[in-house]
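Visitor: There's a structure below that I have some questions on.
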Amino acid sequence: MKPRIYLETTIPSYLVARRSRDLRLAADQETTQEWWEARRQNYELFISEFVRAEVQRGDAQAAAARLALVEGIPMLSEPQSATELAGQILAARLLPPAAALDASHIALATVHAMDYLLTWNCKHIHNVAIIRQIERLCERQGYTCPIICTPNDLMDT
């Protein structure tokens with residue numbers, strides 16, 4: 001059985017965006033492309049309605065490209081338990097209220113027992129300062145938090 005990955009919105013965004021002039025961001029975009037082309041087939045991919053809604057925002061042409069990229073990827077349901085877990089993440093002030101959607105991504109991936117949550121959102125999701133606290137909160141609720149990582153982390157798998 002293949003490991004299961006929840007793709008957060010930054011992944012399709014990095015895949016279709018014009019290459020950044022910022023060297024670090026351009027490198028992350030390149031890594032994402034390399035992972036997508038060479039490694040994604042090693043995993044079962046999933047998205048959520050949140051991802052689908054987010055990829056449709058912004059420039060119409062880019063939104064269409066992002067939407068086409070995620071077309072056919074199975075969508076996770078949004079059970080009440082995920083809504084509650086996201087609320088607990090926010091109530092514990094692990095993420096600010098403005099990052100409620102990020103809490104929802106973490107909660108959905110957790111409740112659906114994903115192996116990985118793949119993201120480039122290093123401010124609120126792949127933030128090493130809060131990952132352990134989020135993992136502990138999930139464990140107290142009876143869940144195992146997925147490994148939160150970037151495509152760079154999965155390049156050698």
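In the structure tokens, chains take letters A, B, ... by order of appearance, with residues numbered from 1 within each chain and ligands from 1 in the order shown.
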Skip Glu139 in chain A itself and residues of its chain fewer than 4 positions away, then list as a compact mmCIF listing (two decimals) with N, CA and C atoms, in the first residue's frame all residues within 12 Å of it, counting only C-alpha atoms.
Guide:
# COMPACT_ATOMS: atom_id res chain seq x y z
N LEU A 85 -11.27 19.46 15.59
CA LEU A 85 -9.82 19.47 15.80
C LEU A 85 -9.22 20.79 15.33
N ALA A 107 -6.01 19.56 10.37
CA ALA A 107 -7.03 18.71 10.99
C ALA A 107 -7.56 17.66 10.02
N THR A 110 -5.02 14.97 9.51
CA THR A 110 -4.89 14.19 10.73
C THR A 110 -6.06 13.22 10.90
N VAL A 111 -7.27 13.73 10.82
CA VAL A 111 -8.47 12.92 11.05
C VAL A 111 -8.57 11.80 10.00
N ARG A 132 5.61 20.26 16.92
CA ARG A 132 5.55 19.32 18.07
C ARG A 132 4.31 19.59 18.94
N GLN A 133 3.97 20.87 19.11
CA GLN A 133 2.78 21.20 19.90
C GLN A 133 1.51 20.72 19.21
N ILE A 134 1.46 20.84 17.89
CA ILE A 134 0.31 20.36 17.14
C ILE A 134 0.23 18.84 17.24
N GLU A 135 1.37 18.17 17.13
CA GLU A 135 1.39 16.71 17.27
C GLU A 135 0.86 16.27 18.63
N TYR A 143 -5.50 11.14 17.94
CA TYR A 143 -5.06 11.08 16.54
C TYR A 143 -3.54 11.09 16.46
N THR A 144 -3.04 10.62 15.32
CA THR A 144 -1.63 10.75 15.00
C THR A 144 -1.52 11.78 13.89
N CYS A 145 -0.81 12.84 14.16
CA CYS A 145 -0.61 13.90 13.17
C CYS A 145 0.27 13.36 12.05
N PRO A 146 -0.07 13.66 10.79
CA PRO A 146 0.80 13.21 9.71
C PRO A 146 2.15 13.92 9.78
Visitor: Do you know which residues are at most 8 Å from range 55-71 of chain A counting only C-alpha atoms, after dropping those on the same chain fewer than 3 positions away, and could you put them as a ChimeraX atom specification?
Guide: /A:9,12-13,15-17,47,51-52
Visitor: What are the DSSP alpha helix (DSSP H) residues of chain A, as a PDB file with N, CA and C atoms, in the first residue's frame?
Guide:
ATOM      1  N   THR A  10      -0.416  25.032  -1.524  1.00  0.00           N
ATOM      2  CA  THR A  10       0.828  25.581  -2.060  1.00  0.00           C
ATOM      3  C   THR A  10       1.474  24.658  -3.089  1.00  0.00           C
ATOM      4  N   ILE A  11       1.191  23.378  -3.027  1.00  0.00           N
ATOM      5  CA  ILE A  11       1.823  22.438  -3.967  1.00  0.00           C
ATOM      6  C   ILE A  11       1.336  22.693  -5.395  1.00  0.00           C
ATOM      7  N   PRO A  12       0.025  22.656  -5.667  1.00  0.00           N
ATOM      8  CA  PRO A  12      -0.390  22.992  -7.034  1.00  0.00           C
ATOM      9  C   PRO A  12      -0.041  24.431  -7.412  1.00  0.00           C
ATOM     10  N   SER A  13      -0.028  25.320  -6.446  1.00  0.00           N
ATOM     11  CA  SER A  13       0.331  26.711  -6.737  1.00  0.00           C
ATOM     12  C   SER A  13       1.775  26.818  -7.219  1.00  0.00           C
ATOM     13  N   TYR A  14       2.689  26.147  -6.558  1.00  0.00           N
ATOM     14  CA  TYR A  14       4.095  26.179  -6.963  1.00  0.00           C
ATOM     15  C   TYR A  14       4.296  25.510  -8.321  1.00  0.00           C
ATOM     16  N   LEU A  15       3.477  24.498  -8.608  1.00  0.00           N
ATOM     17  CA  LEU A  15       3.628  23.770  -9.860  1.00  0.00           C
ATOM     18  C   LEU A  15       3.248  24.594 -11.082  1.00  0.00           C
ATOM     19  N   VAL A  16       2.285  25.487 -10.940  1.00  0.00           N
ATOM     20  CA  VAL A  16       1.822  26.234 -12.121  1.00  0.00           C
ATOM     21  C   VAL A  16       2.298  27.684 -12.155  1.00  0.00           C
ATOM     22  N   LEU A  23      15.566  33.573  -5.694  1.00  0.00           N
ATOM     23  CA  LEU A  23      16.284  32.323  -5.922  1.00  0.00           C
ATOM     24  C   LEU A  23      15.800  31.182  -5.030  1.00  0.00           C
ATOM     25  N   ARG A  24      15.499  31.472  -3.780  1.00  0.00           N
ATOM     26  CA  ARG A  24      15.032  30.420  -2.875  1.00  0.00           C
ATOM     27  C   ARG A  24      13.669  29.900  -3.313  1.00  0.00           C
ATOM     28  N   LEU A  25      12.761  30.822  -3.626  1.00  0.00           N
ATOM     29  CA  LEU A  25      11.429  30.423  -4.074  1.00  0.00           C
ATOM     30  C   LEU A  25      11.512  29.665  -5.398  1.00  0.00           C
ATOM     31  N   ALA A  26      12.357  30.116  -6.307  1.00  0.00           N
ATOM     32  CA  ALA A  26      12.539  29.428  -7.590  1.00  0.00           C
ATOM     33  C   ALA A  26      13.061  28.007  -7.362  1.00  0.00           C
ATOM     34  N   ALA A  27      13.964  27.851  -6.420  1.00  0.00           N
ATOM     35  CA  ALA A  27      14.494  26.517  -6.104  1.00  0.00           C
ATOM     36  C   ALA A  27      13.387  25.624  -5.543  1.00  0.00           C
ATOM     37  N   ASP A  28      12.532  26.190  -4.682  1.00  0.00           N
ATOM     38  CA  ASP A  28      11.413  25.418  -4.133  1.00  0.00           C
ATOM     39  C   ASP A  28      10.429  25.030  -5.229  1.00  0.00           C
ATOM     40  N   GLN A  29      10.191  25.925  -6.170  1.00  0.00           N
ATOM     41  CA  GLN A  29       9.322  25.608  -7.299  1.00  0.00           C
ATOM     42  C   GLN A  29       9.922  24.473  -8.130  1.00  0.00           C
ATOM     43  N   GLU A  30      11.212  24.539  -8.366  1.00  0.00           N
ATOM     44  CA  GLU A  30      11.896  23.504  -9.144  1.00  0.00           C
ATOM     45  C   GLU A  30      11.838  22.157  -8.421  1.00  0.00           C
ATOM     46  N   THR A  31      12.072  22.161  -7.122  1.00  0.00           N
ATOM     47  CA  THR A  31      11.991  20.932  -6.335  1.00  0.00           C
ATOM     48  C   THR A  31      10.588  20.345  -6.405  1.00  0.00           C
ATOM     49  N   THR A  32       9.577  21.202  -6.316  1.00  0.00           N
ATOM     50  CA  THR A  32       8.188  20.744  -6.393  1.00  0.00           C
ATOM     51  C   THR A  32       7.929  20.080  -7.741  1.00  0.00           C
ATOM     52  N   GLN A  33       8.405  20.697  -8.801  1.00  0.00           N
ATOM     53  CA  GLN A  33       8.243  20.135 -10.143  1.00  0.00           C
ATOM     54  C   GLN A  33       8.947  18.782 -10.256  1.00  0.00           C
ATOM     55  N   GLU A  34      10.161  18.702  -9.748  1.00  0.00           N
ATOM     56  CA  GLU A  34      10.908  17.448  -9.791  1.00  0.00           C
ATOM     57  C   GLU A  34      10.195  16.358  -9.003  1.00  0.00           C
ATOM     58  N   TRP A  35       9.702  16.712  -7.810  1.00  0.00           N
ATOM     59  CA  TRP A  35       8.970  15.734  -6.999  1.00  0.00           C
ATOM     60  C   TRP A  35       7.729  15.267  -7.745  1.00  0.00           C
ATOM     61  N   TRP A  36       6.986  16.208  -8.317  1.00  0.00           N
ATOM     62  CA  TRP A  36       5.745  15.888  -9.018  1.00  0.00           C
ATOM     63  C   TRP A  36       6.010  14.927 -10.180  1.00  0.00           C
ATOM     64  N   GLU A  37       7.060  15.190 -10.922  1.00  0.00           N
ATOM     65  CA  GLU A  37       7.356  14.373 -12.097  1.00  0.00           C
ATOM     66  C   GLU A  37       7.970  13.022 -11.743  1.00  0.00           C
ATOM     67  N   ALA A  38       8.799  12.970 -10.709  1.00  0.00           N
ATOM     68  CA  ALA A  38       9.564  11.753 -10.426  1.00  0.00           C
ATOM     69  C   ALA A  38       9.097  10.943  -9.223  1.00  0.00           C
ATOM     70  N   GLU A  49     -11.917  19.910  -0.155  1.00  0.00           N
ATOM     71  CA  GLU A  49     -12.711  20.996  -0.734  1.00  0.00           C
ATOM     72  C   GLU A  49     -12.028  22.333  -0.476  1.00  0.00           C
ATOM     73  N   PHE A  50     -11.305  22.448   0.641  1.00  0.00           N
ATOM     74  CA  PHE A  50     -10.569  23.681   0.937  1.00  0.00           C
ATOM     75  C   PHE A  50      -9.514  23.945  -0.140  1.00  0.00           C
ATOM     76  N   VAL A  51      -8.780  22.898  -0.515  1.00  0.00           N
ATOM     77  CA  VAL A  51      -7.756  23.038  -1.553  1.00  0.00           C
ATOM     78  C   VAL A  51      -8.423  23.420  -2.870  1.00  0.00           C
ATOM     79  N   ARG A  52      -9.483  22.718  -3.199  1.00  0.00           N
ATOM     80  CA  ARG A  52     -10.191  22.998  -4.462  1.00  0.00           C
ATOM     81  C   ARG A  52     -10.662  24.457  -4.510  1.00  0.00           C
ATOM     82  N   ALA A  53     -11.195  24.950  -3.418  1.00  0.00           N
ATOM     83  CA  ALA A  53     -11.663  26.343  -3.375  1.00  0.00           C
ATOM     84  C   ALA A  53     -10.486  27.314  -3.492  1.00  0.00           C
ATOM     85  N   GLU A  54      -9.392  27.012  -2.804  1.00  0.00           N
ATOM     86  CA  GLU A  54      -8.231  27.911  -2.844  1.00  0.00           C
ATOM     87  C   GLU A  54      -7.580  27.963  -4.225  1.00  0.00           C
ATOM     88  N   VAL A  55      -7.492  26.823  -4.916  1.00  0.00           N
ATOM     89  CA  VAL A  55      -6.824  26.838  -6.218  1.00  0.00           C
ATOM     90  C   VAL A  55      -7.631  27.599  -7.264  1.00  0.00           C
ATOM     91  N   ALA A  60      -7.465  34.162 -13.405  1.00  0.00           N
ATOM     92  CA  ALA A  60      -8.302  33.124 -14.008  1.00  0.00           C
ATOM     93  C   ALA A  60      -7.483  32.058 -14.735  1.00  0.00           C
ATOM     94  N   GLN A  61      -6.454  32.478 -15.455  1.00  0.00           N
ATOM     95  CA  GLN A  61      -5.641  31.515 -16.208  1.00  0.00           C
ATOM     96  C   GLN A  61      -4.856  30.605 -15.251  1.00  0.00           C
ATOM     97  N   ALA A  62      -4.252  31.194 -14.234  1.00  0.00           N
ATOM     98  CA  ALA A  62      -3.502  30.402 -13.256  1.00  0.00           C
ATOM     99  C   ALA A  62      -4.448  29.492 -12.467  1.00  0.00           C
ATOM    100  N   ALA A  63      -5.630  30.012 -12.121  1.00  0.00           N
ATOM    101  CA  ALA A  63      -6.614  29.217 -11.386  1.00  0.00           C
ATOM    102  C   ALA A  63      -7.042  28.008 -12.206  1.00  0.00           C
ATOM    103  N   ALA A  64      -7.261  28.209 -13.493  1.00  0.00           N
ATOM    104  CA  ALA A  64      -7.648  27.101 -14.376  1.00  0.00           C
ATOM    105  C   ALA A  64      -6.547  26.048 -14.439  1.00  0.00           C
ATOM    106  N   ALA A  65      -5.298  26.495 -14.483  1.00  0.00           N
ATOM    107  CA  ALA A  65      -4.166  25.557 -14.520  1.00  0.00           C
ATOM    108  C   ALA A  65      -4.058  24.776 -13.215  1.00  0.00           C
ATOM    109  N   ARG A  66      -4.247  25.463 -12.086  1.00  0.00           N
ATOM    110  CA  ARG A  66      -4.197  24.775 -10.790  1.00  0.00           C
ATOM    111  C   ARG A  66      -5.344  23.778 -10.670  1.00  0.00           C
ATOM    112  N   LEU A  67      -6.523  24.187 -11.085  1.00  0.00           N
ATOM    113  CA  LEU A  67      -7.692  23.316 -11.008  1.00  0.00           C
ATOM    114  C   LEU A  67      -7.495  22.073 -11.877  1.00  0.00           C
ATOM    115  N   ALA A  68      -6.959  22.252 -13.070  1.00  0.00           N
ATOM    116  CA  ALA A  68      -6.699  21.117 -13.952  1.00  0.00           C
ATOM    117  C   ALA A  68      -5.691  20.155 -13.324  1.00  0.00           C
ATOM    118  N   LEU A  69      -4.726  20.703 -12.600  1.00  0.00           N
ATOM    119  CA  LEU A  69      -3.694  19.888 -11.968  1.00  0.00           C
ATOM    120  C   LEU A  69      -4.275  18.972 -10.888  1.00  0.00           C
ATOM    121  N   VAL A  70      -5.250  19.471 -10.133  1.00  0.00           N
ATOM    122  CA  VAL A  70      -5.811  18.667  -9.035  1.00  0.00           C
ATOM    123  C   VAL A  70      -7.026  17.844  -9.470  1.00  0.00           C
ATOM    124  N   GLN A  80     -17.186  16.199  11.086  1.00  0.00           N
ATOM    125  CA  GLN A  80     -17.282  17.097  12.230  1.00  0.00           C
ATOM    126  C   GLN A  80     -16.034  17.009  13.106  1.00  0.00           C
ATOM    127  N   SER A  81     -15.447  15.830  13.191  1.00  0.00           N
ATOM    128  CA  SER A  81     -14.242  15.656  14.018  1.00  0.00           C
ATOM    129  C   SER A  81     -13.087  16.521  13.512  1.00  0.00           C
ATOM    130  N   ALA A  82     -13.000  16.721  12.200  1.00  0.00           N
ATOM    131  CA  ALA A  82     -11.944  17.582  11.649  1.00  0.00           C
ATOM    132  C   ALA A  82     -12.222  19.039  11.989  1.00  0.00           C
ATOM    133  N   THR A  83     -13.481  19.438  11.894  1.00  0.00           N
ATOM    134  CA  THR A  83     -13.859  20.811  12.252  1.00  0.00           C
ATOM    135  C   THR A  83     -13.537  21.075  13.722  1.00  0.00           C
ATOM    136  N   GLU A  84     -13.833  20.100  14.562  1.00  0.00           N
ATOM    137  CA  GLU A  84     -13.549  20.240  15.996  1.00  0.00           C
ATOM    138  C   GLU A  84     -12.051  20.310  16.265  1.00  0.00           C
ATOM    139  N   LEU A  85     -11.272  19.459  15.594  1.00  0.00           N
ATOM    140  CA  LEU A  85      -9.822  19.468  15.799  1.00  0.00           C
ATOM    141  C   LEU A  85      -9.220  20.790  15.333  1.00  0.00           C
ATOM    142  N   ALA A  86      -9.680  21.313  14.213  1.00  0.00           N
ATOM    143  CA  ALA A  86      -9.198  22.621  13.744  1.00  0.00           C
ATOM    144  C   ALA A  86      -9.511  23.693  14.786  1.00  0.00           C
ATOM    145  N   GLY A  87     -10.701  23.633  15.352  1.00  0.00           N
ATOM    146  CA  GLY A  87     -11.079  24.584  16.400  1.00  0.00           C
ATOM    147  C   GLY A  87     -10.191  24.473  17.624  1.00  0.00           C
ATOM    148  N   GLN A  88      -9.801  23.260  17.974  1.00  0.00           N
ATOM    149  CA  GLN A  88      -8.923  23.061  19.126  1.00  0.00           C
ATOM    150  C   GLN A  88      -7.519  23.607  18.851  1.00  0.00           C
ATOM    151  N   ILE A  89      -7.049  23.452  17.624  1.00  0.00           N
ATOM    152  CA  ILE A  89      -5.742  24.006  17.254  1.00  0.00           C
ATOM    153  C   ILE A  89      -5.762  25.528  17.412  1.00  0.00           C
ATOM    154  N   LEU A  90      -6.856  26.128  16.970  1.00  0.00           N
ATOM    155  CA  LEU A  90      -6.990  27.588  17.082  1.00  0.00           C
ATOM    156  C   LEU A  90      -7.185  28.011  18.539  1.00  0.00           C
ATOM    157  N   ALA A  91      -8.012  27.271  19.274  1.00  0.00           N
ATOM    158  CA  ALA A  91      -8.274  27.603  20.679  1.00  0.00           C
ATOM    159  C   ALA A  91      -6.999  27.523  21.520  1.00  0.00           C
ATOM    160  N   ALA A 100      -7.061  30.103  10.158  1.00  0.00           N
ATOM    161  CA  ALA A 100      -8.065  29.052  10.393  1.00  0.00           C
ATOM    162  C   ALA A 100      -8.065  28.009   9.281  1.00  0.00           C
ATOM    163  N   LEU A 101      -7.880  28.441   8.048  1.00  0.00           N
ATOM    164  CA  LEU A 101      -7.848  27.496   6.934  1.00  0.00           C
ATOM    165  C   LEU A 101      -6.650  26.552   7.047  1.00  0.00           C
ATOM    166  N   ASP A 102      -5.532  27.060   7.512  1.00  0.00           N
ATOM    167  CA  ASP A 102      -4.352  26.220   7.712  1.00  0.00           C
ATOM    168  C   ASP A 102      -4.611  25.181   8.804  1.00  0.00           C
ATOM    169  N   ALA A 103      -5.312  25.590   9.860  1.00  0.00           N
ATOM    170  CA  ALA A 103      -5.692  24.641  10.915  1.00  0.00           C
ATOM    171  C   ALA A 103      -6.596  23.557  10.334  1.00  0.00           C
ATOM    172  N   SER A 104      -7.468  23.941   9.405  1.00  0.00           N
ATOM    173  CA  SER A 104      -8.353  22.965   8.772  1.00  0.00           C
ATOM    174  C   SER A 104      -7.582  21.964   7.920  1.00  0.00           C
ATOM    175  N   HIS A 105      -6.563  22.430   7.205  1.00  0.00           N
ATOM    176  CA  HIS A 105      -5.732  21.509   6.425  1.00  0.00           C
ATOM    177  C   HIS A 105      -5.081  20.474   7.350  1.00  0.00           C
ATOM    178  N   ILE A 106      -4.505  20.942   8.445  1.00  0.00           N
ATOM    179  CA  ILE A 106      -3.851  20.037   9.399  1.00  0.00           C
ATOM    180  C   ILE A 106      -4.861  19.057   9.975  1.00  0.00           C
ATOM    181  N   ALA A 107      -6.014  19.557  10.374  1.00  0.00           N
ATOM    182  CA  ALA A 107      -7.032  18.714  10.994  1.00  0.00           C
ATOM    183  C   ALA A 107      -7.561  17.655  10.022  1.00  0.00           C
ATOM    184  N   LEU A 108      -7.835  18.038   8.799  1.00  0.00           N
ATOM    185  CA  LEU A 108      -8.323  17.063   7.813  1.00  0.00           C
ATOM    186  C   LEU A 108      -7.303  15.963   7.560  1.00  0.00           C
ATOM    187  N   ALA A 109      -6.057  16.356   7.359  1.00  0.00           N
ATOM    188  CA  ALA A 109      -5.011  15.363   7.114  1.00  0.00           C
ATOM    189  C   ALA A 109      -4.868  14.430   8.315  1.00  0.00           C
ATOM    190  N   THR A 110      -5.018  14.971   9.506  1.00  0.00           N
ATOM    191  CA  THR A 110      -4.886  14.185  10.729  1.00  0.00           C
ATOM    192  C   THR A 110      -6.056  13.224  10.903  1.00  0.00           C
ATOM    193  N   VAL A 111      -7.271  13.732  10.823  1.00  0.00           N
ATOM    194  CA  VAL A 111      -8.466  12.915  11.047  1.00  0.00           C
ATOM    195  C   VAL A 111      -8.570  11.796  10.001  1.00  0.00           C
ATOM    196  N   VAL A 128       8.513  24.579  12.306  1.00  0.00           N
ATOM    197  CA  VAL A 128       9.117  23.701  13.311  1.00  0.00           C
ATOM    198  C   VAL A 128       8.893  24.192  14.738  1.00  0.00           C
ATOM    199  N   ALA A 129       8.594  25.455  14.904  1.00  0.00           N
ATOM    200  CA  ALA A 129       8.347  25.986  16.247  1.00  0.00           C
ATOM    201  C   ALA A 129       7.024  25.495  16.818  1.00  0.00           C
ATOM    202  N   ILE A 130       6.095  25.074  15.965  1.00  0.00           N
ATOM    203  CA  ILE A 130       4.788  24.648  16.471  1.00  0.00           C
ATOM    204  C   ILE A 130       4.414  23.206  16.127  1.00  0.00           C
ATOM    205  N   ILE A 131       5.163  22.558  15.254  1.00  0.00           N
ATOM    206  CA  ILE A 131       4.791  21.202  14.824  1.00  0.00           C
ATOM    207  C   ILE A 131       4.652  20.254  16.009  1.00  0.00           C
ATOM    208  N   ARG A 132       5.606  20.255  16.924  1.00  0.00           N
ATOM    209  CA  ARG A 132       5.548  19.320  18.074  1.00  0.00           C
ATOM    210  C   ARG A 132       4.313  19.589  18.939  1.00  0.00           C
ATOM    211  N   GLN A 133       3.970  20.868  19.109  1.00  0.00           N
ATOM    212  CA  GLN A 133       2.785  21.200  19.902  1.00  0.00           C
ATOM    213  C   GLN A 133       1.512  20.716  19.210  1.00  0.00           C
ATOM    214  N   ILE A 134       1.465  20.845  17.895  1.00  0.00           N
ATOM    215  CA  ILE A 134       0.311  20.358  17.137  1.00  0.00           C
ATOM    216  C   ILE A 134       0.231  18.840  17.244  1.00  0.00           C
ATOM    217  N   GLU A 135       1.369  18.173  17.133  1.00  0.00           N
ATOM    218  CA  GLU A 135       1.386  16.710  17.265  1.00  0.00           C
ATOM    219  C   GLU A 135       0.862  16.271  18.633  1.00  0.00           C
ATOM    220  N   ARG A 136       1.291  16.955  19.685  1.00  0.00           N
ATOM    221  CA  ARG A 136       0.839  16.603  21.038  1.00  0.00           C
ATOM    222  C   ARG A 136      -0.659  16.848  21.204  1.00  0.00           C
ATOM    223  N   LEU A 137      -1.149  17.954  20.673  1.00  0.00           N
ATOM    224  CA  LEU A 137      -2.582  18.244  20.748  1.00  0.00           C
ATOM    225  C   LEU A 137      -3.368  17.147  20.023  1.00  0.00           C
ATOM    226  N   CYS A 138      -2.919  16.757  18.846  1.00  0.00           N
ATOM    227  CA  CYS A 138      -3.591  15.695  18.094  1.00  0.00           C
ATOM    228  C   CYS A 138      -3.584  14.390  18.882  1.00  0.00           C
ATOM    229  N   GLU A 139      -2.460  14.055  19.481  1.00  0.00           N
ATOM    230  CA  GLU A 139      -2.358  12.829  20.280  1.00  0.00           C
ATOM    231  C   GLU A 139      -3.319  12.853  21.458  1.00  0.00           C
ATOM    232  N   ARG A 140      -3.454  13.991  22.118  1.00  0.00           N
ATOM    233  CA  ARG A 140      -4.399  14.103  23.241  1.00  0.00           C
ATOM    234  C   ARG A 140      -5.836  13.861  22.788  1.00  0.00           C
TER     235      ARG A 140
END
Visitor: Please, which residues of chain A, numbered as in this document, come out strand (DSSP E) from DSSP, as a PyMOL selection string?
Guide: chain A and resi 4-7+44-48+75-76+116-118+147-149
Visitor: Using CA of Gln141 in chain A and CA of Glu8 in chain A as the two end points, give the distance in Å to one decimal.
Guide: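 Spanning CA of Gln141 in chain A to CA of Glu8 in chain A is a straight-line distance of 22.3 Å.
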Visitor: Quick one: distance from CA of Gln41 in chain A to CA of Ile147 in chain A in Å, one decimal?
Guide: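 Computed distance, CA of Gln41 in chain A to CA of Ile147 in chain A, equals 18.3 Å.
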Visitor: Just give me the gap between CA of Ser48 in chain A and CA of Ile73 in chain A in Å, one decimal is fine.
Guide: 9.3 Å
